[in-house]
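Data from run_7.txt: compact mmCIF, C-alpha atoms
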```txt
# COMPACT_ATOMS: atom_id res chain seq x y z
CA MET A 1261 30.91 -194.05 -53.28
CA ARG A 1262 29.60 -191.41 -55.63
CA HIS A 1263 32.62 -190.53 -57.76
CA ASP A 1264 33.55 -189.49 -61.27
CA LEU A 1265 36.84 -191.36 -61.62
CA ARG A 1266 36.95 -192.79 -65.13
CA LEU A 1267 39.92 -194.69 -66.54
CA GLU A 1268 40.47 -195.14 -70.25
CA GLY A 1269 42.86 -197.70 -71.67
CA TYR A 1270 43.49 -199.06 -75.14
CA ALA A 1271 40.31 -201.03 -75.76
CA PHE A 1272 38.47 -200.83 -72.46
CA ALA A 1273 37.47 -198.21 -69.92
CA LEU A 1274 36.36 -198.20 -66.31
CA ARG A 1275 33.32 -196.01 -65.69
CA PRO A 1276 31.58 -195.47 -62.37
CA VAL A 1277 28.74 -197.83 -61.49
CA THR A 1278 25.30 -196.19 -61.37
CA LEU A 1279 21.87 -197.34 -60.26
CA GLU A 1280 21.10 -198.15 -63.88
CA ASP A 1281 23.73 -200.92 -63.80
CA ALA A 1282 21.77 -203.05 -61.35
CA GLU A 1283 20.39 -205.40 -63.97
CA PHE A 1284 23.78 -205.91 -65.61
CA ILE A 1285 25.41 -206.58 -62.24
CA VAL A 1286 22.83 -209.23 -61.39
CA GLN A 1287 23.20 -210.78 -64.82
CA VAL A 1288 27.00 -210.91 -64.87
CA ARG A 1289 27.33 -212.09 -61.26
CA THR A 1290 24.73 -214.84 -61.42
CA SER A 1291 24.62 -216.24 -64.95
CA ASP A 1292 27.85 -218.22 -65.32
CA PRO A 1293 28.00 -221.18 -62.91
CA ARG A 1294 31.77 -221.56 -63.41
CA ARG A 1295 32.34 -218.09 -62.01
CA VAL A 1296 29.47 -217.89 -59.54
CA ARG A 1297 31.07 -220.48 -57.26
CA TYR A 1298 33.95 -218.07 -56.62
CA LEU A 1299 31.78 -215.02 -55.89
CA HIS A 1300 29.90 -213.87 -52.85
CA PRO A 1301 26.30 -214.83 -53.66
CA ILE A 1302 23.96 -211.95 -54.41
CA SER A 1303 20.22 -211.77 -54.71
CA PRO A 1304 18.90 -212.27 -58.26
CA ASP A 1305 16.44 -209.47 -57.53
CA VAL A 1306 17.32 -206.34 -59.52
CA GLN A 1307 15.63 -204.01 -57.00
CA ALA A 1308 17.74 -205.52 -54.20
CA GLN A 1309 20.84 -204.82 -56.28
CA ARG A 1310 19.64 -201.27 -56.90
CA ASP A 1311 19.27 -200.85 -53.13
CA TRP A 1312 22.80 -202.21 -52.65
CA ILE A 1313 24.16 -199.70 -55.17
CA ALA A 1314 22.29 -196.86 -53.42
CA THR A 1315 24.02 -197.81 -50.16
CA TYR A 1316 27.36 -198.17 -51.94
CA LEU A 1317 27.02 -194.68 -53.42
CA GLU A 1318 26.90 -193.22 -49.91
CA ARG A 1319 29.89 -195.24 -48.66
CA GLU A 1320 33.27 -193.54 -48.52
CA ASN A 1321 36.50 -195.06 -49.77
CA ASP A 1322 34.82 -197.43 -52.18
CA TYR A 1323 35.17 -197.19 -55.97
CA TYR A 1324 33.12 -199.53 -58.15
CA TRP A 1325 33.32 -199.54 -61.93
CA VAL A 1326 31.75 -201.13 -64.95
CA ILE A 1327 34.35 -202.41 -67.43
CA GLU A 1328 33.20 -201.41 -70.88
CA ARG A 1329 34.44 -201.68 -74.44
CA GLN A 1330 35.46 -198.23 -75.63
CA ASP A 1331 34.36 -198.77 -79.23
CA THR A 1332 30.86 -199.99 -78.38
CA GLN A 1333 30.34 -198.86 -74.76
CA ALA A 1334 29.17 -202.42 -74.12
CA ALA A 1335 29.47 -203.49 -70.50
CA GLU A 1336 31.80 -206.49 -70.15
CA GLY A 1337 32.39 -206.74 -66.43
CA LEU A 1338 32.87 -205.19 -63.03
CA ILE A 1339 35.81 -204.22 -60.85
CA GLY A 1340 36.40 -202.14 -57.76
CA ILE A 1341 38.81 -200.72 -55.19
CA TYR A 1342 37.48 -200.55 -51.65
CA ASN A 1343 38.52 -200.78 -48.02
CA LEU A 1344 40.69 -197.78 -48.74
CA ALA A 1345 42.80 -196.80 -45.76
CA PRO A 1346 43.68 -193.14 -46.36
CA VAL A 1347 46.35 -193.00 -43.65
CA GLU A 1348 48.10 -196.20 -44.70
CA ARG A 1349 47.48 -195.30 -48.35
CA THR A 1350 46.39 -198.80 -49.22
CA GLY A 1351 43.32 -200.37 -50.77
CA GLU A 1352 41.86 -203.69 -51.82
CA TRP A 1353 40.80 -204.41 -55.38
CA GLY A 1354 38.22 -206.99 -56.29
CA ARG A 1355 34.54 -207.50 -57.18
CA TRP A 1356 36.18 -208.57 -60.43
CA VAL A 1357 33.93 -210.48 -62.78
CA LEU A 1358 33.73 -210.57 -66.57
CA LYS A 1359 31.17 -211.79 -69.04
CA PRO A 1360 32.09 -215.20 -70.49
CA GLY A 1361 34.32 -214.74 -73.52
CA SER A 1362 35.42 -211.24 -72.60
CA LEU A 1363 39.03 -210.33 -73.33
CA ALA A 1364 39.03 -207.52 -70.76
CA ALA A 1365 40.85 -209.34 -67.95
CA ILE A 1366 44.34 -208.03 -68.61
CA GLU A 1367 43.41 -204.45 -69.42
CA SER A 1368 40.87 -204.13 -66.59
CA ALA A 1369 43.49 -205.31 -64.08
CA TRP A 1370 46.00 -202.83 -65.53
CA LEU A 1371 43.43 -200.04 -65.31
CA VAL A 1372 42.50 -200.78 -61.71
CA TYR A 1373 46.16 -200.63 -60.69
CA ARG A 1374 46.46 -197.34 -62.56
CA ALA A 1375 43.45 -196.10 -60.61
CA GLY A 1376 45.08 -197.15 -57.36
CA PHE A 1377 48.58 -195.84 -57.95
CA GLU A 1378 48.08 -192.92 -60.32
CA SER A 1379 44.62 -191.55 -59.54
CA LEU A 1380 44.20 -192.42 -55.87
CA GLN A 1381 47.93 -192.15 -55.10
CA LEU A 1382 47.98 -195.32 -53.01
CA ASP A 1383 51.24 -196.83 -51.85
CA SER A 1384 49.99 -200.40 -52.16
CA VAL A 1385 47.05 -202.28 -53.61
CA TYR A 1386 46.18 -205.80 -52.51
CA CYS A 1387 43.67 -208.41 -53.54
CA LEU A 1388 42.16 -211.36 -51.73
CA THR A 1389 41.28 -214.39 -53.84
CA LEU A 1390 39.56 -217.59 -52.84
CA ALA A 1391 42.42 -220.05 -52.52
CA ASN A 1392 40.61 -222.61 -54.66
CA ASN A 1393 40.06 -220.09 -57.46
CA ARG A 1394 43.26 -221.29 -59.06
CA PRO A 1395 42.94 -219.42 -62.39
CA VAL A 1396 42.73 -216.07 -60.61
CA VAL A 1397 45.45 -216.93 -58.08
CA SER A 1398 47.61 -217.88 -61.07
CA PHE A 1399 46.68 -214.64 -62.86
CA HIS A 1400 47.99 -212.56 -59.97
CA ASP A 1401 51.15 -214.69 -59.86
CA SER A 1402 51.60 -214.22 -63.62
CA CYS A 1403 51.27 -210.46 -63.19
CA GLY A 1404 54.32 -210.61 -60.94
CA LEU A 1405 52.51 -209.99 -57.68
CA GLN A 1406 53.82 -211.49 -54.48
CA PRO A 1407 51.47 -213.82 -52.59
CA VAL A 1408 52.04 -212.40 -49.12
CA ALA A 1409 49.63 -214.41 -46.98
CA LEU A 1410 47.26 -217.35 -46.87
CA LEU A 1411 44.32 -216.22 -44.74
CA LYS A 1412 42.63 -219.25 -43.21
CA ASN A 1413 38.82 -219.20 -43.25
CA HIS A 1414 38.80 -215.58 -44.41
CA PHE A 1415 35.66 -215.76 -46.54
CA GLN A 1416 32.35 -217.03 -45.26
CA PHE A 1417 29.52 -217.77 -47.63
CA ASP A 1418 27.21 -220.62 -48.54
CA GLY A 1419 27.51 -221.70 -44.92
CA GLN A 1420 31.20 -222.49 -45.33
CA GLN A 1421 34.50 -220.88 -44.57
CA HIS A 1422 37.06 -220.46 -47.34
CA ASP A 1423 40.76 -219.65 -47.33
CA ALA A 1424 42.01 -216.57 -49.18
CA VAL A 1425 45.31 -215.81 -50.86
CA LYS A 1426 46.50 -212.24 -50.42
CA HIS A 1427 48.57 -210.74 -53.24
CA LEU A 1428 50.18 -207.35 -52.85
CA CYS A 1429 51.35 -204.82 -55.39
CA SER A 1430 53.40 -201.98 -53.97
CA ARG A 1431 54.23 -198.68 -55.58
CA ALA A 1432 57.77 -200.04 -56.02
CA THR A 1433 56.63 -203.19 -57.86
CA TRP A 1434 53.86 -201.52 -59.89
CA PRO A 1435 56.13 -200.54 -62.84
CA ALA A 1436 57.19 -204.17 -63.29
CA VAL A 1437 53.58 -205.36 -63.08
CA SER A 1438 52.57 -202.71 -65.59
CA ARG A 1439 55.28 -203.92 -67.97
CA ARG A 1440 53.68 -207.37 -67.96
CA LEU A 1441 50.12 -206.11 -68.45
CA GLU A 1442 50.29 -203.05 -70.67
CA PRO A 1443 51.88 -204.65 -73.77
CA GLN A 1444 49.29 -207.43 -73.68
CA ALA A 1445 46.49 -204.89 -73.34
CA GLN A 1446 47.89 -202.97 -76.30
CA ALA A 1447 48.12 -206.13 -78.39
CA ILE A 1448 44.52 -207.08 -77.66
CA ALA A 1449 43.32 -203.58 -78.56
CA LYS A 1450 45.30 -203.73 -81.79
CA ARG A 1451 43.52 -207.00 -82.56
CA PHE A 1452 40.12 -205.36 -82.06
CA HIS A 1453 41.03 -202.53 -84.40
CA SER A 1454 42.50 -204.82 -87.07
CA MET A 1455 39.36 -206.98 -87.12
CA LYS A 1456 37.07 -204.05 -87.92
CA MET S 475 52.45 -229.24 -92.29
CA ASN S 476 50.75 -232.40 -91.05
CA ARG S 477 48.98 -232.92 -87.74
CA THR S 478 52.07 -234.46 -86.12
CA ASP S 479 54.21 -231.45 -87.03
CA VAL S 480 51.52 -229.08 -85.78
CA GLU S 481 51.24 -230.91 -82.47
CA ARG S 482 55.01 -231.00 -81.99
CA ASP S 483 55.39 -227.27 -82.57
CA LEU S 484 52.30 -226.52 -80.51
CA LEU S 485 53.66 -228.49 -77.57
CA GLU S 486 56.83 -226.42 -77.76
CA VAL S 487 54.86 -223.18 -77.59
CA PHE S 488 52.69 -224.31 -74.69
CA SER S 489 55.66 -225.62 -72.73
CA ALA S 490 57.58 -222.40 -73.27
CA VAL S 491 54.72 -220.15 -72.12
CA LEU S 492 53.58 -222.32 -69.21
CA GLY S 493 57.13 -223.01 -68.11
CA HIS S 494 56.96 -226.78 -67.94
CA PRO S 495 56.48 -229.76 -70.27
CA VAL S 496 52.90 -230.47 -71.34
CA ASP S 497 51.18 -233.14 -73.40
CA THR S 498 48.30 -233.28 -75.83
CA THR S 499 45.71 -233.81 -73.06
CA LEU S 500 46.30 -230.26 -71.82
CA THR S 501 43.19 -228.21 -71.11
CA ARG S 502 42.57 -224.90 -69.40
CA ILE S 503 40.67 -226.74 -66.67
CA ASN S 504 43.40 -229.23 -65.83
CA GLU S 505 46.27 -226.71 -66.04
CA PRO S 506 46.12 -224.25 -63.13
CA GLY S 507 48.81 -222.05 -64.68
CA TRP S 508 46.72 -221.40 -67.81
CA ASP S 509 45.26 -218.12 -66.57
CA SER S 510 43.92 -215.13 -68.52
CA LEU S 511 47.35 -213.56 -68.94
CA LYS S 512 48.96 -216.81 -70.04
CA HIS S 513 46.03 -217.43 -72.38
CA MET S 514 46.81 -214.32 -74.39
CA GLN S 515 50.53 -215.09 -74.31
CA ILE S 516 49.75 -218.53 -75.74
CA ILE S 517 47.48 -216.99 -78.40
CA PHE S 518 50.10 -214.51 -79.56
CA ALA S 519 52.92 -217.09 -79.47
CA VAL S 520 50.90 -219.63 -81.48
CA GLU S 521 49.94 -216.97 -84.01
CA GLU S 522 53.56 -215.99 -84.48
CA LYS S 523 54.77 -219.58 -84.72
CA PHE S 524 52.15 -220.67 -87.24
CA GLY S 525 51.55 -217.43 -89.13
CA VAL S 526 47.84 -217.27 -88.39
CA GLN S 527 45.55 -214.80 -86.67
CA PHE S 528 42.67 -216.01 -84.54
CA THR S 529 39.51 -213.94 -84.49
CA GLU S 530 38.18 -212.21 -81.42
CA GLU S 531 35.38 -214.78 -81.37
CA GLU S 532 37.76 -217.75 -81.60
CA ILE S 533 40.13 -216.68 -78.82
CA PRO S 534 37.98 -217.40 -75.73
CA GLY S 535 37.01 -220.85 -76.98
CA LEU S 536 40.56 -222.06 -77.48
CA ASP S 537 40.70 -223.73 -74.10
CA SER S 538 42.53 -226.98 -74.84
CA PHE S 539 45.50 -228.25 -76.78
CA GLY S 540 43.13 -230.18 -79.05
CA LYS S 541 41.10 -227.10 -79.92
CA PHE S 542 44.26 -225.18 -80.83
CA ALA S 543 45.40 -228.05 -83.05
CA GLY S 544 41.99 -228.28 -84.71
CA GLN S 545 41.73 -224.54 -85.26
CA LEU S 546 45.22 -224.43 -86.77
CA GLU S 547 44.26 -227.17 -89.20
CA ARG S 548 41.19 -225.18 -90.25
CA HIS S 549 43.22 -221.99 -90.67
CA HIS S 550 45.82 -223.76 -92.78
CA ALA S 551 43.13 -225.47 -94.87
CA ALA S 552 41.38 -222.16 -95.55
```
Exercise: express the given structure as structure tokens:
Amino acid sequence: MRHDLRLEGYAFALRPVTLEDAEFIVQVRTSDPRRVRYLHPISPDVQAQRDWIATYLERENDYYWVIERQDTQAAEGLIGIYNLAPVERTGEWGRWVLKPGSLAAIESAWLVYRAGFESLQLDSVYCLTLANNRPVVSFHDSCGLQPVALLKNHFQFDGQQHDAVKHLCSRATWPAVSRRLEPQAQAIAKRFHSMK
Amino acid sequence: MNRTDVERDLLEVFSAVLGHPVDTTLTRINEPGWDSLKHMQIIFAVEEKFGVQFTEEEIPGLDSFGKFAGQLERHHAA
């Protein structure tokens, strides 16, 4: 969806994806074999990715961001909220991938929840994670989210079906989740500043 | 502080953050609870316990008990 929703945190920001991000998206989604196995495969062709972005830009209820360092504007990852249901006031967050070595995980998750609850005024935000992606399932648990469902054979790629774990953050639980994420995001940002 | 003392104190920190006893074979791959949030909690807790500060470049690579122990030795030797 073509949008201008930008979120700024302590060290990182979410800025809308543009056509010019196609090469970065291909690079970050295909280069690290440890992460690639948990992602829907995409074509390594940059023009194909540009075409995908062009289609995305015309799609309603879909927000896709590049995670970037605020001090350098360097792109460090991707994240999105999509499948927005305006009546139910809910949305799914995902497409979450970071460059190896990035410290943006905590703050980018905090920012995407802020986008959902504060900017988009959703009542709940959920995420679906491959059940065997244990580090990310654990991350959502550590944030204080409730695993609300195990969806059998929810994902289909590479010719196989995969189970998904659904975690939900409601407007009521968001303050507690924020209290776990925001201080860590602040501490990481302070580290960046102190190392300059 | 010798290596044994470092390992003992380090085990305490890891066990406290991860919420269960661990041993020196601990790695980020074999511990499913060692996620990105816990990683930073471990980093900050170790820094406080040992009075060191890891660099931004060191933090992502500290993915096992052994690497923490080794890095602490280097910091204390410096």
Expected residue set, 8 Å radius at (29.6, -200.6, -60.7), only C-alpha atoms, as an MDAnalysis selection string: chainID A and resid 1275:1278 1281 1285 1313 1324:1326 1338:1340
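Between CA of Ile1327 in chain A and CA of Leu1279 in chain A lies a distance of 15.3 Å.
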For Gln1444 in chain A: contacts at 12 Å, only C-alpha atoms, fewer than 2 positions along chain excluded, given as a ChimeraX atom specification: /A:1269-1271,1363-1370,1403,1437-1442,1446-1451 /S:510-519
With C-alpha atoms retained, write the just-selected residues as a CSV table (one decimal), keeping the file's coordinate frame.
```csv
chain,number,residue,atom,x,y,z
A,1269,GLY,CA,42.9,-197.7,-71.7
A,1270,TYR,CA,43.5,-199.1,-75.1
A,1271,ALA,CA,40.3,-201.0,-75.8
A,1363,LEU,CA,39.0,-210.3,-73.3
A,1364,ALA,CA,39.0,-207.5,-70.8
A,1365,ALA,CA,40.8,-209.3,-68.0
A,1366,ILE,CA,44.3,-208.0,-68.6
A,1367,GLU,CA,43.4,-204.4,-69.4
A,1368,SER,CA,40.9,-204.1,-66.6
A,1369,ALA,CA,43.5,-205.3,-64.1
A,1370,TRP,CA,46.0,-202.8,-65.5
A,1403,CYS,CA,51.3,-210.5,-63.2
A,1437,VAL,CA,53.6,-205.4,-63.1
A,1438,SER,CA,52.6,-202.7,-65.6
A,1439,ARG,CA,55.3,-203.9,-68.0
A,1440,ARG,CA,53.7,-207.4,-68.0
A,1441,LEU,CA,50.1,-206.1,-68.4
A,1442,GLU,CA,50.3,-203.0,-70.7
A,1446,GLN,CA,47.9,-203.0,-76.3
A,1447,ALA,CA,48.1,-206.1,-78.4
A,1448,ILE,CA,44.5,-207.1,-77.7
A,1449,ALA,CA,43.3,-203.6,-78.6
A,1450,LYS,CA,45.3,-203.7,-81.8
A,1451,ARG,CA,43.5,-207.0,-82.6
S,510,SER,CA,43.9,-215.1,-68.5
S,511,LEU,CA,47.4,-213.6,-68.9
S,512,LYS,CA,49.0,-216.8,-70.0
S,513,HIS,CA,46.0,-217.4,-72.4
S,514,MET,CA,46.8,-214.3,-74.4
S,515,GLN,CA,50.5,-215.1,-74.3
S,516,ILE,CA,49.8,-218.5,-75.7
S,517,ILE,CA,47.5,-217.0,-78.4
S,518,PHE,CA,50.1,-214.5,-79.6
S,519,ALA,CA,52.9,-217.1,-79.5
```
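Near chain A, the residues of chain S that fall inside 6 Å (using only C-alpha atoms) are Pro506, Gly507, Asp509 and Pro534 of chain S.
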Expected answer as a PyMOL selection string: all residues with atoms within 12 Å of (51.4, -231.2, -90.7), all atoms listed in the file: chain S and resi 475-484+524+543-544+546-548+550-551
